[in-house]
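K.L.:
Questions regarding the structure given below will be posed in turn.
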Amino acid sequence: MAAASRPVRVLQVTEATGGGVRRHLQRLVPELRRQQVAVDLLLGSGRAEPGLDADLADYRAQGCRTAVFRGSGTLGALCSGIPALRRALRDWEPDVVHLHATRAGLVGRLGRRRRQPPAVLYSPHAFVFQANLPPLARWLGRYVERRLARVTDAFVCVSASERDAALATLAVEPGCVRLIENGLEAGFAEALLPRAAVRAAWGVRGSAPLIGLCGRLAAQKDPATLLRALAGCWQRFPGVRLAVCGSGPLAASLRDLAQRLGLEEVVLWNGFVADLPRRLSGFDLLVLPSRYEGLSYTLLEALAAGVPVLATDIPANLPRPDLRGPITLVPAGDPQAWTAALSAALSALPARRAQASAMAAWVRQEFSVHRQVTALAELYRCSAAGMAAR
């Protein structure tokens, strides 16, 4: 029960301690603390990027309590996550539990058993049934999410497309689905590194076009389609380079594919880049060939840095109609369409970059973490009060 004498206490839970969900929490936690929300974190190590220990230390320095559960894969996350969650509920007594991504969504809601304090909120960051899965797997994903919706007090969706998917697929009241879009910190633009410094660090000479492919090297992100598209057009653009920033299960197979396609001198394999958002200023173009997304932080960061984007034509990749200028949508999984779009973008880079630069300040204003957290803090307080009144 939330006490009037203390701030609402929220337990943030995720097993996806890498990529966008990691950046999500890194941005939310300090802003929540500024808005008088107490935060603790239960994090899984199954998909952690380098730096998890540093993240934990930083959260503790901000006054948060932290715990880690081990185990990889869905079964491993469940077996280790549910006991860890129950310990955290017993020892920390949160008013609200906020679950992030599919595996934490399973851990938190299967571990809950029934509707009782604390309130349980769930942010899928793209529902599993939105993935490009075989029909049976998609059916199972829909079935599980519908069943678990019964023990979910609210769905917190990071994009309009995610909200629409929840309303269309889950048997829930519209009031149980909240749209709170992802946002960027106020000092994002000031933290960007000089364009020339980024390019020099990666060995890109002069004005050679630099394309960014940033994210986890996994099937969801479909990097293979981009490599095949680049193989069809790179020779027309002298000096062009593709900076691959990220790691993941497809890393070795993608290197093999790049070699077979003759892209050895074109692709820069940068691996995990700890300060990637600051380095986006060095790109001429960002590519996002994902099959599904919630609302990509990389997309928002690139636009806020004035970098034009080629992205798949999934609804999440056009969060606002106003962004049709700096974002060009391309059919998902179609290498020929991507080759054509990539050629067109590289042929008109000055105009594309000017268009994106003109929209950068608008993006930073519209997608603000302060606005995001103000709405989230109000939802936490209302959820805690509603649970206490039952």
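In the structure tokens, chains take letters A, B, ... by order of appearance, with residues numbered from 1 within each chain and ligands from 1 in the order shown.
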Hey, what does DSSP flag as strand (DSSP E or B) within region 3-41 of chain A? Can you give it to me as a VMD selection string?
P.N.:
chain A and resid 9 to 14 38 to 41
K.L.:
Could those residues be written to a file, using N, CA and C atoms, as an mmCIF file, in the first residue's frame?
P.N.:
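again10.cif, freshly written:
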data_model
loop_
_atom_site.group_PDB
_atom_site.id
_atom_site.type_symbol
_atom_site.label_atom_id
_atom_site.label_comp_id
_atom_site.auth_asym_id
_atom_site.auth_seq_id
_atom_site.Cartn_x
_atom_site.Cartn_y
_atom_site.Cartn_z
ATOM 1 N N ARG A 9 6.776 3.867 -4.719
ATOM 2 C CA ARG A 9 7.976 3.072 -4.989
ATOM 3 C C ARG A 9 7.676 2.097 -6.110
ATOM 4 N N VAL A 10 8.534 2.110 -7.133
ATOM 5 C CA VAL A 10 8.324 1.306 -8.338
ATOM 6 C C VAL A 10 9.495 0.349 -8.521
ATOM 7 N N LEU A 11 9.171 -0.909 -8.778
ATOM 8 C CA LEU A 11 10.178 -1.909 -9.113
ATOM 9 C C LEU A 11 10.175 -2.104 -10.618
ATOM 10 N N GLN A 12 11.293 -1.751 -11.270
ATOM 11 C CA GLN A 12 11.456 -1.943 -12.707
ATOM 12 C C GLN A 12 12.096 -3.307 -12.945
ATOM 13 N N VAL A 13 11.491 -4.106 -13.826
ATOM 14 C CA VAL A 13 11.961 -5.472 -14.055
ATOM 15 C C VAL A 13 12.164 -5.699 -15.545
ATOM 16 N N THR A 14 13.347 -6.194 -15.935
ATOM 17 C CA THR A 14 13.560 -6.610 -17.322
ATOM 18 C C THR A 14 14.671 -7.635 -17.399
ATOM 19 N N ALA A 38 10.416 6.771 -6.214
ATOM 20 C CA ALA A 38 11.492 5.890 -5.763
ATOM 21 C C ALA A 38 11.558 4.678 -6.692
ATOM 22 N N VAL A 39 12.767 4.283 -7.071
ATOM 23 C CA VAL A 39 12.940 3.229 -8.070
ATOM 24 C C VAL A 39 13.916 2.163 -7.558
ATOM 25 N N ASP A 40 13.512 0.907 -7.717
ATOM 26 C CA ASP A 40 14.410 -0.229 -7.543
ATOM 27 C C ASP A 40 14.407 -1.021 -8.845
ATOM 28 N N LEU A 41 15.432 -1.846 -9.046
ATOM 29 C CA LEU A 41 15.548 -2.562 -10.320
ATOM 30 C C LEU A 41 15.908 -4.024 -10.097
#
K.L.:
Show which residues sit within 9 Å of region 85-97 of chain A, as a PyMOL selection string. Count only C-alpha atoms, and ignore same-chain residues fewer than 3 positions away.
P.N.:
chain A and resi 1-2+8-13+39-40+42+65+67+69+80-82+107-108+111-112+117-122+380-381+383-385+387-388
K.L.:
Which one is closest to Leu349 (chain A): A:Phe237, A:Phe367, A:Trp139, A:Phe188? Count only C-alpha atoms.
P.N.:
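Smallest distance to Leu349 (chain A) is found for A:Phe237.
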K.L.:
Extract, using only C-alpha atoms, all DNA, RNA and protein residues at most 12 Å from Arg260 (chain A), discarding same-chain residues fewer than 3 positions from it, and format them as a list in words.
P.N.:
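Neighbouring residues, sequence-local ones excluded: Ala224, Leu227, Arg228, Ala231, Ser253, Leu254, Arg255, Asp256, Leu257, Leu263 and Glu264 of chain A.
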K.L.:
Write out as a PyMOL selection string the set of residues from region 80-260 of chain A that DSSP, computed on the backbone, places in alpha helix (DSSP H).
P.N.:
chain A and resi 80-92+102-110+135-148+160-169+188-191+195-201+223-231+251-260
K.L.:
Which residues are near Ala354 (chain A)? Cut-off 8 Å, only C-alpha atoms, ignore same chain within fewer than 4 positions. Put them as a VMD selection string.
P.N.:
chain A and resid 306 350 358
K.L.:
Rank A:Arg279, A:Ser343, A:Ala351, A:Val267 by their smallest atom-to-atom distance to Ala200 (chain A), using only C-alpha atoms, and report the top residue only.
P.N.:
A:Arg279
K.L.:
Between CA of Arg278 (chain A) and CA of Ala243 (chain A), what distance in Å does the model show, to one decimal?
P.N.:
14.5 Å
K.L.:
Kindly indicate which residue among A:Gly71, A:Pro135, A:Gly20, A:Gly187 lies nearest to Thr298 (chain A), using only C-alpha atoms for the distances.
P.N.:
A:Gly20
K.L.:
What's the 7 Å shell around Arg70 (chain A), counting only C-alpha atoms, without same-chain residues fewer than 3 positions away, as a list in words?
P.N.:
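Everything that qualifies: Gly44, Ser45, Gly46, Ala77 and Ser80 of chain A.
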K.L.:
Selection from above, C-alpha atoms, as a short mmCIF file (atom, residue, chain, number, x, y, z; two decimals), in the first residue's frame, can you write it?
P.N.:
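Saved to again-v7.cif:
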data_model
loop_
_atom_site.label_atom_id
_atom_site.label_comp_id
_atom_site.auth_asym_id
_atom_site.auth_seq_id
_atom_site.Cartn_x
_atom_site.Cartn_y
_atom_site.Cartn_z
CA GLY A 44 18.30 -10.28 -15.87
CA SER A 45 21.71 -11.06 -17.27
CA GLY A 46 20.58 -13.36 -20.09
CA ALA A 77 14.55 -16.47 -17.20
CA SER A 80 15.53 -17.76 -11.99
#
K.L.:
Which neighbours of Gly246 (chain A) fall inside 12 Å, counting only C-alpha atoms, when residues of the same chain fewer than 2 positions from it are skipped, and could you give them as a ChimeraX atom specification?
P.N.:
/A:18-20,49-50,212-218,221,223,243-244,248-251,254,268-276,298
K.L.:
Grab the residues selected above and save them as a compact mmCIF listing (two decimals), in the first residue's frame with C-alpha atoms.
P.N.:
# COMPACT_ATOMS: atom_id res chain seq x y z
CA GLY A 18 20.72 -4.46 -23.77
CA GLY A 19 19.73 -2.28 -26.72
CA GLY A 20 16.64 -0.12 -26.53
CA GLU A 49 25.42 -6.00 -23.15
CA PRO A 50 28.87 -5.15 -21.78
CA GLY A 212 24.91 3.31 -39.86
CA LEU A 213 23.36 -0.08 -39.08
CA CYS A 214 22.89 0.01 -35.32
CA GLY A 215 21.31 -2.57 -33.07
CA ARG A 216 21.40 -6.15 -31.93
CA LEU A 217 22.50 -8.53 -34.67
CA ALA A 218 19.42 -10.72 -34.43
CA LYS A 221 16.61 -6.47 -36.96
CA PRO A 223 20.62 -7.05 -41.02
CA ALA A 243 29.33 0.95 -39.87
CA VAL A 244 27.74 -2.04 -38.13
CA GLY A 248 24.34 -10.61 -31.25
CA PRO A 249 23.71 -14.19 -32.32
CA LEU A 250 23.99 -13.46 -36.06
CA ALA A 251 27.40 -11.77 -35.89
CA LEU A 254 26.71 -11.89 -41.12
CA LEU A 268 33.16 -1.65 -40.59
CA TRP A 269 32.44 -4.20 -37.85
CA ASN A 270 32.46 -1.99 -34.75
CA GLY A 271 30.80 -4.43 -32.35
CA PHE A 272 29.08 -3.03 -29.29
CA VAL A 273 29.65 0.75 -29.06
CA ALA A 274 29.10 2.00 -25.52
CA ASP A 275 28.53 5.66 -26.45
CA LEU A 276 26.70 5.02 -29.72
CA THR A 298 18.05 4.47 -32.51
K.L.:
So the first atom is CA of Ala377 (chain A) and the second is CA of Glu31 (chain A); what is the distance between them in Å, to one decimal place?
P.N.:
9.7 Å
K.L.:
Between A:Leu226, A:Ala48, A:Val373, A:Ala131, which residue has the minimum interatomic distance to Leu184 (chain A), considering only C-alpha atoms?
P.N.:
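Closest to Leu184 (chain A), using only C-alpha atoms: A:Val373.
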K.L.:
Considering only C-alpha atoms, state which residue in the set A:Ile180, A:Leu167, A:Val37, A:Leu110 is at the smallest distance from Pro7 (chain A).
P.N.:
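The closest residue to Pro7 (chain A) is A:Val37.
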K.L.:
Using only C-alpha atoms, which of the listed residues (A:Ala197, A:Leu170, A:Val369, A:Leu342) sits closest to Val240 (chain A)?
P.N.:
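Selected residue with least distance to Val240 (chain A): A:Leu342.
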K.L.:
Can you pull out the residues contacting Gln130 (chain A)? Cut-off 12 Å, using only C-alpha atoms, and skip same-chain residues under 6 positions away; I want them as a tab-separated table (two decimals) with C-alpha atoms, in the first residue's frame.
P.N.:
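Output file result.tsv is given in full below:
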chain	number	residue	atom	x	y	z
A	102	THR	CA	8.41	-10.29	-23.19
A	124	PRO	CA	6.15	-5.11	-24.23
A	137	ALA	CA	4.19	-19.46	-32.72
A	138	ARG	CA	2.26	-16.25	-33.38
A	139	TRP	CA	-0.99	-17.93	-32.29
A	140	LEU	CA	0.70	-19.11	-29.09
A	141	GLY	CA	2.04	-15.61	-28.44
A	142	ARG	CA	-1.43	-14.11	-28.83
A	145	GLU	CA	-0.72	-12.47	-23.91
A	161	SER	CA	1.30	1.17	-33.30
A	162	GLU	CA	2.00	-0.88	-30.17
A	163	ARG	CA	-1.12	0.53	-28.52
A	164	ASP	CA	-3.19	-0.31	-31.60
A	165	ALA	CA	-1.83	-3.88	-31.60
A	166	ALA	CA	-2.83	-4.29	-27.95
A	168	ALA	CA	-6.84	-5.11	-31.65
A	169	THR	CA	-5.52	-8.36	-30.20
A	220	GLN	CA	14.27	-9.11	-35.53
A	290	SER	CA	13.76	-4.35	-38.58
A	291	ARG	CA	10.84	-6.74	-39.03
A	292	TYR	CA	9.11	-5.36	-35.91
A	293	GLU	CA	9.72	-2.67	-33.29
A	294	GLY	CA	8.08	-0.91	-30.36
A	314	ILE	CA	6.12	-1.13	-40.24
A	315	PRO	CA	3.84	1.32	-38.38
A	316	ALA	CA	6.27	1.83	-35.48
K.L.:
For region 53-154 of chain A against region 172-178 of chain A, with a cut-off of 10 Å and counting only C-alpha atoms, what is the closest atom pair and its distance in Å to one decimal for every residue that makes the cut, ordered by chain and number, as a tab-separated table?
P.N.:
residue	atom	partner	partner_atom	distance
A:Leu121	CA	A:Cys176	CA	9.5
A:Tyr122	CA	A:Val177	CA	9.7
A:Ser123	CA	A:Arg178	CA	9.7
A:Arg146	CA	A:Val172	CA	8.5
A:Ala149	CA	A:Val172	CA	7.1
A:Arg150	CA	A:Val172	CA	8.2
A:Thr152	CA	A:Cys176	CA	8.5
A:Asp153	CA	A:Cys176	CA	6.7
A:Ala154	CA	A:Cys176	CA	4.6
